[in-house]
file input.cif (mmCIF, N, CA and C atoms, pLDDT in the B column; chains and numbers go by the auth columns)
data_protein
loop_
_atom_site.group_PDB
_atom_site.id
_atom_site.type_symbol
_atom_site.label_atom_id
_atom_site.label_comp_id
_atom_site.label_asym_id
_atom_site.label_seq_id
_atom_site.Cartn_x
_atom_site.Cartn_y
_atom_site.Cartn_z
_atom_site.B_iso_or_equiv
_atom_site.auth_seq_id
_atom_site.auth_asym_id
ATOM 1 N N MET A 1 40.490 23.718 84.078 72.00 1 A
ATOM 2 C CA MET A 1 41.200 22.765 83.261 72.00 1 A
ATOM 3 C C MET A 1 41.970 23.523 82.183 72.00 1 A
ATOM 4 N N SER A 2 43.268 23.228 82.050 84.00 2 A
ATOM 5 C CA SER A 2 44.079 23.909 81.044 84.00 2 A
ATOM 6 C C SER A 2 44.126 23.082 79.759 84.00 2 A
ATOM 7 N N ILE A 3 44.327 23.782 78.679 90.00 3 A
ATOM 8 C CA ILE A 3 44.415 23.141 77.366 90.00 3 A
ATOM 9 C C ILE A 3 45.881 22.806 77.102 90.00 3 A
ATOM 10 N N ASP A 4 46.140 21.603 76.656 94.00 4 A
ATOM 11 C CA ASP A 4 47.495 21.168 76.313 94.00 4 A
ATOM 12 C C ASP A 4 47.731 21.495 74.839 94.00 4 A
ATOM 13 N N PRO A 5 48.536 22.530 74.543 94.00 5 A
ATOM 14 C CA PRO A 5 48.720 22.916 73.144 94.00 5 A
ATOM 15 C C PRO A 5 49.354 21.822 72.292 94.00 5 A
ATOM 16 N N ARG A 6 50.242 21.038 72.873 94.00 6 A
ATOM 17 C CA ARG A 6 50.875 19.964 72.107 94.00 6 A
ATOM 18 C C ARG A 6 49.868 18.907 71.704 94.00 6 A
ATOM 19 N N ALA A 7 49.030 18.501 72.663 95.00 7 A
ATOM 20 C CA ALA A 7 47.999 17.499 72.370 95.00 7 A
ATOM 21 C C ALA A 7 47.007 18.031 71.340 95.00 7 A
ATOM 22 N N THR A 8 46.669 19.323 71.447 96.00 8 A
ATOM 23 C CA THR A 8 45.747 19.936 70.498 96.00 8 A
ATOM 24 C C THR A 8 46.340 19.936 69.090 96.00 8 A
ATOM 25 N N LEU A 9 47.620 20.286 68.981 96.00 9 A
ATOM 26 C CA LEU A 9 48.284 20.296 67.683 96.00 9 A
ATOM 27 C C LEU A 9 48.377 18.895 67.093 96.00 9 A
ATOM 28 N N CYS A 10 48.798 17.932 67.892 95.00 10 A
ATOM 29 C CA CYS A 10 48.900 16.548 67.401 95.00 10 A
ATOM 30 C C CYS A 10 47.546 16.031 66.935 95.00 10 A
ATOM 31 N N ALA A 11 46.491 16.360 67.673 96.00 11 A
ATOM 32 C CA ALA A 11 45.140 15.930 67.289 96.00 11 A
ATOM 33 C C ALA A 11 44.714 16.598 65.983 96.00 11 A
ATOM 34 N N ALA A 12 45.066 17.874 65.817 97.00 12 A
ATOM 35 C CA ALA A 12 44.718 18.582 64.586 97.00 12 A
ATOM 36 C C ALA A 12 45.450 17.983 63.385 97.00 12 A
ATOM 37 N N LEU A 13 46.721 17.653 63.554 96.00 13 A
ATOM 38 C CA LEU A 13 47.469 17.024 62.463 96.00 13 A
ATOM 39 C C LEU A 13 46.864 15.680 62.085 96.00 13 A
ATOM 40 N N ALA A 14 46.408 14.942 63.070 95.00 14 A
ATOM 41 C CA ALA A 14 45.811 13.626 62.811 95.00 14 A
ATOM 42 C C ALA A 14 44.500 13.736 62.027 95.00 14 A
ATOM 43 N N GLN A 15 43.874 14.915 62.067 97.00 15 A
ATOM 44 C CA GLN A 15 42.615 15.124 61.344 97.00 15 A
ATOM 45 C C GLN A 15 42.806 15.562 59.894 97.00 15 A
ATOM 46 N N LEU A 16 44.032 15.909 59.532 97.00 16 A
ATOM 47 C CA LEU A 16 44.288 16.342 58.167 97.00 16 A
ATOM 48 C C LEU A 16 44.057 15.213 57.172 97.00 16 A
ATOM 49 N N ARG A 17 43.631 15.582 55.990 97.00 17 A
ATOM 50 C CA ARG A 17 43.407 14.584 54.938 97.00 17 A
ATOM 51 C C ARG A 17 44.700 13.844 54.584 97.00 17 A
ATOM 52 N N ILE A 18 45.835 14.518 54.762 95.00 18 A
ATOM 53 C CA ILE A 18 47.123 13.890 54.438 95.00 18 A
ATOM 54 C C ILE A 18 47.721 13.135 55.629 95.00 18 A
ATOM 55 N N ALA A 19 47.000 13.049 56.737 96.00 19 A
ATOM 56 C CA ALA A 19 47.524 12.394 57.938 96.00 19 A
ATOM 57 C C ALA A 19 48.080 10.988 57.668 96.00 19 A
ATOM 58 N N PRO A 20 47.443 10.189 56.824 95.00 20 A
ATOM 59 C CA PRO A 20 48.017 8.854 56.565 95.00 20 A
ATOM 60 C C PRO A 20 49.431 8.911 55.984 95.00 20 A
ATOM 61 N N LEU A 21 49.763 9.978 55.264 95.00 21 A
ATOM 62 C CA LEU A 21 51.114 10.109 54.708 95.00 21 A
ATOM 63 C C LEU A 21 52.153 10.278 55.812 95.00 21 A
ATOM 64 N N LEU A 22 51.738 10.882 56.928 96.00 22 A
ATOM 65 C CA LEU A 22 52.653 11.094 58.042 96.00 22 A
ATOM 66 C C LEU A 22 53.049 9.775 58.701 96.00 22 A
ATOM 67 N N GLU A 23 52.237 8.769 58.512 95.00 23 A
ATOM 68 C CA GLU A 23 52.506 7.451 59.093 95.00 23 A
ATOM 69 C C GLU A 23 53.341 6.565 58.174 95.00 23 A
ATOM 70 N N GLY A 24 53.735 7.112 57.035 94.00 24 A
ATOM 71 C CA GLY A 24 54.576 6.369 56.106 94.00 24 A
ATOM 72 C C GLY A 24 53.756 5.664 55.041 94.00 24 A
ATOM 73 N N VAL A 25 54.190 5.797 53.809 90.00 25 A
ATOM 74 C CA VAL A 25 53.535 5.143 52.683 90.00 25 A
ATOM 75 C C VAL A 25 54.599 4.624 51.724 90.00 25 A
ATOM 76 N N ARG A 26 54.234 3.609 50.969 91.00 26 A
ATOM 77 C CA ARG A 26 55.119 3.062 49.925 91.00 26 A
ATOM 78 C C ARG A 26 56.531 2.779 50.426 91.00 26 A
ATOM 79 N N GLY A 27 56.609 2.186 51.600 93.00 27 A
ATOM 80 C CA GLY A 27 57.900 1.804 52.148 93.00 27 A
ATOM 81 C C GLY A 27 58.640 2.901 52.891 93.00 27 A
ATOM 82 N N GLU A 28 58.094 4.109 52.911 94.00 28 A
ATOM 83 C CA GLU A 28 58.723 5.204 53.647 94.00 28 A
ATOM 84 C C GLU A 28 58.399 5.063 55.134 94.00 28 A
ATOM 85 N N PRO A 29 59.325 5.435 55.994 97.00 29 A
ATOM 86 C CA PRO A 29 59.061 5.325 57.434 97.00 29 A
ATOM 87 C C PRO A 29 58.101 6.416 57.902 97.00 29 A
ATOM 88 N N PRO A 30 57.456 6.210 59.038 97.00 30 A
ATOM 89 C CA PRO A 30 56.608 7.264 59.610 97.00 30 A
ATOM 90 C C PRO A 30 57.470 8.489 59.942 97.00 30 A
ATOM 91 N N LEU A 31 56.862 9.657 59.850 97.00 31 A
ATOM 92 C CA LEU A 31 57.576 10.893 60.147 97.00 31 A
ATOM 93 C C LEU A 31 57.561 11.188 61.643 97.00 31 A
ATOM 94 N N ASP A 32 58.493 11.997 62.085 98.00 32 A
ATOM 95 C CA ASP A 32 58.622 12.348 63.496 98.00 32 A
ATOM 96 C C ASP A 32 57.666 13.489 63.844 98.00 32 A
ATOM 97 N N VAL A 33 56.390 13.170 63.848 97.00 33 A
ATOM 98 C CA VAL A 33 55.346 14.151 64.141 97.00 33 A
ATOM 99 C C VAL A 33 55.498 14.676 65.565 97.00 33 A
ATOM 100 N N ASP A 34 55.935 13.844 66.483 96.00 34 A
ATOM 101 C CA ASP A 34 56.134 14.298 67.869 96.00 34 A
ATOM 102 C C ASP A 34 57.172 15.420 67.929 96.00 34 A
ATOM 103 N N ALA A 35 58.260 15.275 67.202 97.00 35 A
ATOM 104 C CA ALA A 35 59.291 16.317 67.188 97.00 35 A
ATOM 105 C C ALA A 35 58.751 17.602 66.578 97.00 35 A
ATOM 106 N N PHE A 36 57.959 17.480 65.521 97.00 36 A
ATOM 107 C CA PHE A 36 57.366 18.659 64.898 97.00 36 A
ATOM 108 C C PHE A 36 56.439 19.373 65.880 97.00 36 A
ATOM 109 N N CYS A 37 55.599 18.617 66.575 97.00 37 A
ATOM 110 C CA CYS A 37 54.679 19.210 67.554 97.00 37 A
ATOM 111 C C CYS A 37 55.455 19.896 68.677 97.00 37 A
ATOM 112 N N ASP A 38 56.505 19.250 69.163 97.00 38 A
ATOM 113 C CA ASP A 38 57.333 19.851 70.214 97.00 38 A
ATOM 114 C C ASP A 38 57.933 21.168 69.739 97.00 38 A
ATOM 115 N N ALA A 39 58.461 21.182 68.518 97.00 39 A
ATOM 116 C CA ALA A 39 59.091 22.385 67.978 97.00 39 A
ATOM 117 C C ALA A 39 58.068 23.501 67.785 97.00 39 A
ATOM 118 N N ALA A 40 56.921 23.168 67.241 97.00 40 A
ATOM 119 C CA ALA A 40 55.891 24.183 67.001 97.00 40 A
ATOM 120 C C ALA A 40 55.403 24.799 68.309 97.00 40 A
ATOM 121 N N VAL A 41 55.212 23.981 69.329 97.00 41 A
ATOM 122 C CA VAL A 41 54.781 24.495 70.631 97.00 41 A
ATOM 123 C C VAL A 41 55.877 25.364 71.245 97.00 41 A
ATOM 124 N N ALA A 42 57.126 24.969 71.097 96.00 42 A
ATOM 125 C CA ALA A 42 58.236 25.762 71.633 96.00 42 A
ATOM 126 C C ALA A 42 58.308 27.127 70.954 96.00 42 A
ATOM 127 N N VAL A 43 58.137 27.165 69.643 96.00 43 A
ATOM 128 C CA VAL A 43 58.129 28.440 68.921 96.00 43 A
ATOM 129 C C VAL A 43 56.956 29.295 69.401 96.00 43 A
ATOM 130 N N GLY A 44 55.805 28.676 69.572 95.00 44 A
ATOM 131 C CA GLY A 44 54.642 29.409 70.053 95.00 44 A
ATOM 132 C C GLY A 44 54.865 30.017 71.423 95.00 44 A
ATOM 133 N N ARG A 45 55.524 29.286 72.294 94.00 45 A
ATOM 134 C CA ARG A 45 55.813 29.808 73.639 94.00 45 A
ATOM 135 C C ARG A 45 56.750 31.011 73.578 94.00 45 A
ATOM 136 N N VAL A 46 57.750 30.941 72.720 94.00 46 A
ATOM 137 C CA VAL A 46 58.665 32.075 72.577 94.00 46 A
ATOM 138 C C VAL A 46 57.900 33.297 72.073 94.00 46 A
ATOM 139 N N LEU A 47 57.040 33.096 71.082 93.00 47 A
ATOM 140 C CA LEU A 47 56.306 34.221 70.505 93.00 47 A
ATOM 141 C C LEU A 47 55.307 34.828 71.483 93.00 47 A
ATOM 142 N N GLN A 48 54.862 34.063 72.462 93.00 48 A
ATOM 143 C CA GLN A 48 53.933 34.591 73.463 93.00 48 A
ATOM 144 C C GLN A 48 54.629 35.451 74.508 93.00 48 A
ATOM 145 N N ASP A 49 55.932 35.377 74.579 93.00 49 A
ATOM 146 C CA ASP A 49 56.693 36.157 75.553 93.00 49 A
ATOM 147 C C ASP A 49 56.804 37.598 75.050 93.00 49 A
ATOM 148 N N PRO A 50 56.196 38.536 75.750 88.00 50 A
ATOM 149 C CA PRO A 50 56.233 39.920 75.274 88.00 50 A
ATOM 150 C C PRO A 50 57.641 40.517 75.269 88.00 50 A
ATOM 151 N N ASP A 51 58.561 39.940 75.991 91.00 51 A
ATOM 152 C CA ASP A 51 59.930 40.450 76.043 91.00 51 A
ATOM 153 C C ASP A 51 60.837 39.890 74.944 91.00 51 A
ATOM 154 N N CYS A 52 60.326 38.960 74.133 91.00 52 A
ATOM 155 C CA CYS A 52 61.186 38.349 73.108 91.00 52 A
ATOM 156 C C CYS A 52 61.489 39.308 71.971 91.00 52 A
ATOM 157 N N GLY A 53 60.647 40.296 71.742 93.00 53 A
ATOM 158 C CA GLY A 53 60.902 41.299 70.714 93.00 53 A
ATOM 159 C C GLY A 53 60.623 40.848 69.296 93.00 53 A
ATOM 160 N N ILE A 54 60.048 39.676 69.118 94.00 54 A
ATOM 161 C CA ILE A 54 59.760 39.190 67.770 94.00 54 A
ATOM 162 C C ILE A 54 58.378 39.687 67.352 94.00 54 A
ATOM 163 N N LEU A 55 58.345 40.409 66.223 92.00 55 A
ATOM 164 C CA LEU A 55 57.087 40.908 65.690 92.00 55 A
ATOM 165 C C LEU A 55 56.433 39.907 64.745 92.00 55 A
ATOM 166 N N ASN A 56 57.264 39.221 63.972 93.00 56 A
ATOM 167 C CA ASN A 56 56.766 38.301 62.967 93.00 56 A
ATOM 168 C C ASN A 56 57.829 37.237 62.733 93.00 56 A
ATOM 169 N N LEU A 57 57.385 36.055 62.376 95.00 57 A
ATOM 170 C CA LEU A 57 58.305 34.941 62.150 95.00 57 A
ATOM 171 C C LEU A 57 57.815 34.130 60.962 95.00 57 A
ATOM 172 N N ASP A 58 58.709 33.883 60.032 96.00 58 A
ATOM 173 C CA ASP A 58 58.389 33.073 58.860 96.00 58 A
ATOM 174 C C ASP A 58 59.378 31.917 58.830 96.00 58 A
ATOM 175 N N ILE A 59 58.885 30.706 59.041 97.00 59 A
ATOM 176 C CA ILE A 59 59.724 29.507 59.005 97.00 59 A
ATOM 177 C C ILE A 59 59.232 28.648 57.848 97.00 59 A
ATOM 178 N N ASN A 60 60.109 28.430 56.875 96.00 60 A
ATOM 179 C CA ASN A 60 59.685 27.669 55.711 96.00 60 A
ATOM 180 C C ASN A 60 60.925 27.265 54.905 96.00 60 A
ATOM 181 N N PRO A 61 61.117 26.005 54.673 97.00 61 A
ATOM 182 C CA PRO A 61 60.328 24.859 55.126 97.00 61 A
ATOM 183 C C PRO A 61 60.853 24.293 56.448 97.00 61 A
ATOM 184 N N VAL A 62 60.052 23.440 57.017 97.00 62 A
ATOM 185 C CA VAL A 62 60.467 22.629 58.158 97.00 62 A
ATOM 186 C C VAL A 62 60.557 21.200 57.639 97.00 62 A
ATOM 187 N N MET A 63 61.729 20.627 57.735 97.00 63 A
ATOM 188 C CA MET A 63 61.931 19.260 57.270 97.00 63 A
ATOM 189 C C MET A 63 61.750 18.317 58.461 97.00 63 A
ATOM 190 N N VAL A 64 60.880 17.352 58.291 97.00 64 A
ATOM 191 C CA VAL A 64 60.592 16.391 59.359 97.00 64 A
ATOM 192 C C VAL A 64 61.196 15.051 58.965 97.00 64 A
ATOM 193 N N GLY A 65 62.056 14.550 59.822 97.00 65 A
ATOM 194 C CA GLY A 65 62.720 13.280 59.559 97.00 65 A
ATOM 195 C C GLY A 65 61.837 12.097 59.931 97.00 65 A
ATOM 196 N N ALA A 66 62.394 10.930 59.790 98.00 66 A
ATOM 197 C CA ALA A 66 61.697 9.706 60.194 98.00 66 A
ATOM 198 C C ALA A 66 61.538 9.719 61.715 98.00 66 A
ATOM 199 N N ARG A 67 60.558 8.992 62.192 97.00 67 A
ATOM 200 C CA ARG A 67 60.290 8.948 63.630 97.00 67 A
ATOM 201 C C ARG A 67 61.592 8.718 64.396 97.00 67 A
ATOM 202 N N GLY A 68 61.838 9.587 65.378 98.00 68 A
ATOM 203 C CA GLY A 68 63.045 9.505 66.180 98.00 68 A
ATOM 204 C C GLY A 68 64.196 10.351 65.669 98.00 68 A
ATOM 205 N N GLU A 69 64.075 10.900 64.460 98.00 69 A
ATOM 206 C CA GLU A 69 65.151 11.696 63.865 98.00 69 A
ATOM 207 C C GLU A 69 64.966 13.198 64.065 98.00 69 A
ATOM 208 N N GLY A 70 63.811 13.631 64.518 98.00 70 A
ATOM 209 C CA GLY A 70 63.569 15.046 64.764 98.00 70 A
ATOM 210 C C GLY A 70 63.159 15.813 63.525 98.00 70 A
ATOM 211 N N CYS A 71 63.220 17.137 63.667 98.00 71 A
ATOM 212 C CA CYS A 71 62.880 18.018 62.552 98.00 71 A
ATOM 213 C C CYS A 71 63.801 19.226 62.599 98.00 71 A
ATOM 214 N N ALA A 72 63.870 19.955 61.487 98.00 72 A
ATOM 215 C CA ALA A 72 64.746 21.123 61.414 98.00 72 A
ATOM 216 C C ALA A 72 64.118 22.184 60.532 98.00 72 A
ATOM 217 N N ALA A 73 64.214 23.423 60.981 97.00 73 A
ATOM 218 C CA ALA A 73 63.827 24.556 60.149 97.00 73 A
ATOM 219 C C ALA A 73 64.966 24.801 59.170 97.00 73 A
ATOM 220 N N VAL A 74 64.663 24.810 57.899 97.00 74 A
ATOM 221 C CA VAL A 74 65.683 25.014 56.887 97.00 74 A
ATOM 222 C C VAL A 74 65.965 26.491 56.682 97.00 74 A
ATOM 223 N N ASP A 75 64.935 27.301 56.782 98.00 75 A
ATOM 224 C CA ASP A 75 65.090 28.733 56.577 98.00 75 A
ATOM 225 C C ASP A 75 64.099 29.448 57.496 98.00 75 A
ATOM 226 N N ALA A 76 64.502 30.594 57.997 97.00 76 A
ATOM 227 C CA ALA A 76 63.605 31.387 58.832 97.00 76 A
ATOM 228 C C ALA A 76 63.959 32.858 58.679 97.00 76 A
ATOM 229 N N VAL A 77 62.922 33.680 58.699 97.00 77 A
ATOM 230 C CA VAL A 77 63.083 35.123 58.720 97.00 77 A
ATOM 231 C C VAL A 77 62.417 35.611 59.981 97.00 77 A
ATOM 232 N N VAL A 78 63.185 36.356 60.789 95.00 78 A
ATOM 233 C CA VAL A 78 62.682 36.864 62.069 95.00 78 A
ATOM 234 C C VAL A 78 62.632 38.382 61.992 95.00 78 A
ATOM 235 N N TYR A 79 61.445 38.942 62.218 94.00 79 A
ATOM 236 C CA TYR A 79 61.272 40.381 62.261 94.00 79 A
ATOM 237 C C TYR A 79 61.197 40.789 63.720 94.00 79 A
ATOM 238 N N ARG A 80 62.152 41.629 64.115 92.00 80 A
ATOM 239 C CA ARG A 80 62.251 42.043 65.526 92.00 80 A
ATOM 240 C C ARG A 80 61.882 43.507 65.678 92.00 80 A
ATOM 241 N N ALA A 81 61.389 43.832 66.854 85.00 81 A
ATOM 242 C CA ALA A 81 61.065 45.220 67.176 85.00 81 A
ATOM 243 C C ALA A 81 62.358 46.007 67.348 85.00 81 A
ATOM 244 N N GLY A 82 62.312 47.284 66.948 73.00 82 A
ATOM 245 C CA GLY A 82 63.417 48.205 67.210 73.00 82 A
ATOM 246 C C GLY A 82 64.606 47.907 66.451 73.00 82 A
#
call {"tool": "encode", "arguments": {"input": "input.cif", "output": "C-alpha cells"}}
result
Amino acid sequence: MSIDPRATLCAALAQLRIAPLLEGVRGEPPLDVDAFCDAAVAVGRVLQDPDCGILNLDINPVMVGARGEGCAAVDAVVYRAG
C-alpha cells in the first residue's frame, strides 16, 4: 500500500490548532487549502528528483487565496548545485 502525500498533508493541516481559520472566520471565505496541498506536493516531487540540481529551497511567503483562487509563492530562493 502506498502513502498518498497529498492526503497526508491535507490531514496534517486539518490537525493544526489554526485549522478552523483555514475554513474562514469573521466573514472571510475559506482558503484554497487544496491548491496549497497540490503545490507543496509538486515542490516535494521536484526536490526528490536527483537530476533537478536543487540543493536547498526557501519559499516564503506562500499566499493562499480563497477556495478556488489557488495559491502563489511570493518569494523564493533556490540553491542549485554547481
call {"tool": "residues_around", "arguments": {"input": "input.cif", "residues": "segment 6-16 of chain A", "least_positions_apart": "6", "cutoff": "10 Å", "atoms": "only C-alpha atoms", "output": "PyMOL selection string"}}
result
chain A and resi 22-23+33-34+36-42
call {"tool": "write_last_selection", "arguments": {"input": "input.cif", "atoms": "N, CA and C atoms", "output": "short mmCIF file (atom, residue, chain, number, x, y, z; two decimals), in the frame of the given file"}}
result
data_model
loop_
_atom_site.label_atom_id
_atom_site.label_comp_id
_atom_site.auth_asym_id
_atom_site.auth_seq_id
_atom_site.Cartn_x
_atom_site.Cartn_y
_atom_site.Cartn_z
N LEU A 22 51.74 10.88 56.93
CA LEU A 22 52.65 11.09 58.04
C LEU A 22 53.05 9.78 58.70
N GLU A 23 52.24 8.77 58.51
CA GLU A 23 52.51 7.45 59.09
C GLU A 23 53.34 6.56 58.17
N VAL A 33 56.39 13.17 63.85
CA VAL A 33 55.35 14.15 64.14
C VAL A 33 55.50 14.68 65.56
N ASP A 34 55.94 13.84 66.48
CA ASP A 34 56.13 14.30 67.87
C ASP A 34 57.17 15.42 67.93
N PHE A 36 57.96 17.48 65.52
CA PHE A 36 57.37 18.66 64.90
C PHE A 36 56.44 19.37 65.88
N CYS A 37 55.60 18.62 66.58
CA CYS A 37 54.68 19.21 67.55
C CYS A 37 55.46 19.90 68.68
N ASP A 38 56.50 19.25 69.16
CA ASP A 38 57.33 19.85 70.21
C ASP A 38 57.93 21.17 69.74
N ALA A 39 58.46 21.18 68.52
CA ALA A 39 59.09 22.38 67.98
C ALA A 39 58.07 23.50 67.78
N ALA A 40 56.92 23.17 67.24
CA ALA A 40 55.89 24.18 67.00
C ALA A 40 55.40 24.80 68.31
N VAL A 41 55.21 23.98 69.33
CA VAL A 41 54.78 24.50 70.63
C VAL A 41 55.88 25.36 71.24
N ALA A 42 57.13 24.97 71.10
CA ALA A 42 58.24 25.76 71.63
C ALA A 42 58.31 27.13 70.95
#
call {"tool": "residues_around", "arguments": {"input": "input.cif", "residues": "Glu69 of chain A", "least_positions_apart": "6", "cutoff": "9 Å", "atoms": "only C-alpha atoms", "output": "PyMOL selection string"}}
result
chain A and resi 31-32+35
call {"tool": "write_last_selection", "arguments": {"input": "input.cif", "atoms": "N, CA and C atoms", "output": "compact mmCIF listing (two decimals), in the frame of the given file"}}
result
# COMPACT_ATOMS: atom_id res chain seq x y z
N LEU A 31 56.86 9.66 59.85
CA LEU A 31 57.58 10.89 60.15
C LEU A 31 57.56 11.19 61.64
N ASP A 32 58.49 12.00 62.08
CA ASP A 32 58.62 12.35 63.50
C ASP A 32 57.67 13.49 63.84
N ALA A 35 58.26 15.28 67.20
CA ALA A 35 59.29 16.32 67.19
C ALA A 35 58.75 17.60 66.58
call {"tool": "atom_distance", "arguments": {"input": "input.cif", "atom1": "atom CA of Ala81 of chain A", "atom2": "atom CA of Pro61 of chain A"}}
result
23.7 Å
call {"tool": "atom_distance", "arguments": {"input": "input.cif", "atom1": "atom C of Asp75 of chain A", "atom2": "atom C of Leu57 of chain A"}}
result
8.6 Å
call {"tool": "select_by_dssp", "arguments": {"input": "input.cif", "residues": "chain A", "states": "helix (DSSP H, G or I)", "output": "ChimeraX atom specification"}}
result
/A:5-15,19-22,33-48
call {"tool": "axis_aligned_box", "arguments": {"input": "input.cif", "around": "segment 35-46 of chain A", "padding_each_side": "3 Å", "output": "lines of an AutoDock Vina configuration file"}}
result
center_x = 57.0
center_y = 24.3
center_z = 69.3
size_x = 10.6
size_y = 24.0
size_z = 14.7
call {"tool": "resolve_selection", "arguments": {"input": "input.cif", "expression": "the PyMOL selection byres (((chain A and resi 55 and name CA) around 10) and name CA)", "output": "count of residues only"}}
result
12
call {"tool": "resolve_selection", "arguments": {"input": "input.cif", "expression": "the PyMOL selection byres (((chain A and resi 59 and name CA) around 8) and name CA)", "output": "VMD selection string"}}
result
chain A and resid 57 to 58 60 to 62 73 to 77
call {"tool": "atom_distance", "arguments": {"input": "input.cif", "atom1": "atom CA of Pro5 of chain A", "atom2": "atom CA of Val43 of chain A"}}
result
11.7 Å
call {"tool": "residues_near_point", "arguments": {"input": "input.cif", "point": "(61.9, 3.4, 59.9)", "cutoff": "10 Å", "atoms": "only C-alpha atoms", "output": "list in words"}}
result
Gly24, Gly27, Glu28, Pro29, Pro30, Leu31, Gly65, Ala66, Arg67, Gly68 and Glu69 of chain A
call {"tool": "decode", "arguments": {"input": "input.cif", "residues": "segment 54-60 of chain A", "atoms": "all heavy atoms", "output": "PDB file, in the first residue's frame"}}
result
ATOM      1  N   ILE A  54      18.680  20.934  -7.350  1.00  0.00           N
ATOM      2  CA  ILE A  54      18.355  21.862  -6.269  1.00  0.00           C
ATOM      3  C   ILE A  54      18.884  21.292  -4.955  1.00  0.00           C
ATOM      4  O   ILE A  54      18.550  20.177  -4.563  1.00  0.00           O
ATOM      5  CB  ILE A  54      16.839  22.106  -6.173  1.00  0.00           C
ATOM      6  CG1 ILE A  54      16.338  22.773  -7.460  1.00  0.00           C
ATOM      7  CG2 ILE A  54      16.510  22.980  -4.953  1.00  0.00           C
ATOM      8  CD1 ILE A  54      14.831  22.948  -7.523  1.00  0.00           C
ATOM      9  N   LEU A  55      19.735  22.083  -4.287  1.00  0.00           N
ATOM     10  CA  LEU A  55      20.281  21.679  -3.001  1.00  0.00           C
ATOM     11  C   LEU A  55      19.393  22.118  -1.843  1.00  0.00           C
ATOM     12  O   LEU A  55      19.267  21.426  -0.843  1.00  0.00           O
ATOM     13  CB  LEU A  55      21.679  22.277  -2.805  1.00  0.00           C
ATOM     14  CG  LEU A  55      22.737  21.866  -3.816  1.00  0.00           C
ATOM     15  CD1 LEU A  55      24.024  22.649  -3.564  1.00  0.00           C
ATOM     16  CD2 LEU A  55      22.985  20.369  -3.732  1.00  0.00           C
ATOM     17  N   ASN A  56      18.813  23.303  -1.983  1.00  0.00           N
ATOM     18  CA  ASN A  56      18.015  23.878  -0.917  1.00  0.00           C
ATOM     19  C   ASN A  56      16.997  24.821  -1.544  1.00  0.00           C
ATOM     20  O   ASN A  56      17.263  25.439  -2.573  1.00  0.00           O
ATOM     21  CB  ASN A  56      18.925  24.635   0.045  1.00  0.00           C
ATOM     22  CG  ASN A  56      18.269  24.953   1.360  1.00  0.00           C
ATOM     23  OD1 ASN A  56      17.075  24.740   1.538  1.00  0.00           O
ATOM     24  ND2 ASN A  56      19.040  25.488   2.285  1.00  0.00           N
ATOM     25  N   LEU A  57      15.862  24.947  -0.899  1.00  0.00           N
ATOM     26  CA  LEU A  57      14.793  25.801  -1.416  1.00  0.00           C
ATOM     27  C   LEU A  57      14.124  26.512  -0.252  1.00  0.00           C
ATOM     28  O   LEU A  57      13.753  25.881   0.741  1.00  0.00           O
ATOM     29  CB  LEU A  57      13.768  24.938  -2.170  1.00  0.00           C
ATOM     30  CG  LEU A  57      12.552  25.623  -2.761  1.00  0.00           C
ATOM     31  CD1 LEU A  57      12.966  26.629  -3.824  1.00  0.00           C
ATOM     32  CD2 LEU A  57      11.620  24.582  -3.356  1.00  0.00           C
ATOM     33  N   ASP A  58      13.999  27.814  -0.374  1.00  0.00           N
ATOM     34  CA  ASP A  58      13.332  28.618   0.646  1.00  0.00           C
ATOM     35  C   ASP A  58      12.199  29.364  -0.042  1.00  0.00           C
ATOM     36  O   ASP A  58      12.445  30.215  -0.901  1.00  0.00           O
ATOM     37  CB  ASP A  58      14.323  29.588   1.283  1.00  0.00           C
ATOM     38  CG  ASP A  58      13.705  30.451   2.364  1.00  0.00           C
ATOM     39  OD1 ASP A  58      12.591  30.147   2.828  1.00  0.00           O
ATOM     40  OD2 ASP A  58      14.349  31.445   2.753  1.00  0.00           O
ATOM     41  N   ILE A  59      10.966  29.019   0.298  1.00  0.00           N
ATOM     42  CA  ILE A  59       9.789  29.682  -0.266  1.00  0.00           C
ATOM     43  C   ILE A  59       9.069  30.374   0.885  1.00  0.00           C
ATOM     44  O   ILE A  59       8.621  29.720   1.825  1.00  0.00           O
ATOM     45  CB  ILE A  59       8.834  28.675  -0.937  1.00  0.00           C
ATOM     46  CG1 ILE A  59       9.559  27.894  -2.033  1.00  0.00           C
ATOM     47  CG2 ILE A  59       7.614  29.397  -1.498  1.00  0.00           C
ATOM     48  CD1 ILE A  59       8.736  26.764  -2.616  1.00  0.00           C
ATOM     49  N   ASN A  60       8.978  31.695   0.800  1.00  0.00           N
ATOM     50  CA  ASN A  60       8.356  32.424   1.894  1.00  0.00           C
ATOM     51  C   ASN A  60       8.065  33.857   1.433  1.00  0.00           C
ATOM     52  O   ASN A  60       8.992  34.547   1.013  1.00  0.00           O
ATOM     53  CB  ASN A  60       9.302  32.439   3.091  1.00  0.00           C
ATOM     54  CG  ASN A  60       8.684  33.035   4.314  1.00  0.00           C
ATOM     55  OD1 ASN A  60       7.467  33.096   4.452  1.00  0.00           O
ATOM     56  ND2 ASN A  60       9.518  33.509   5.210  1.00  0.00           N
TER      57      ASN A  60
END
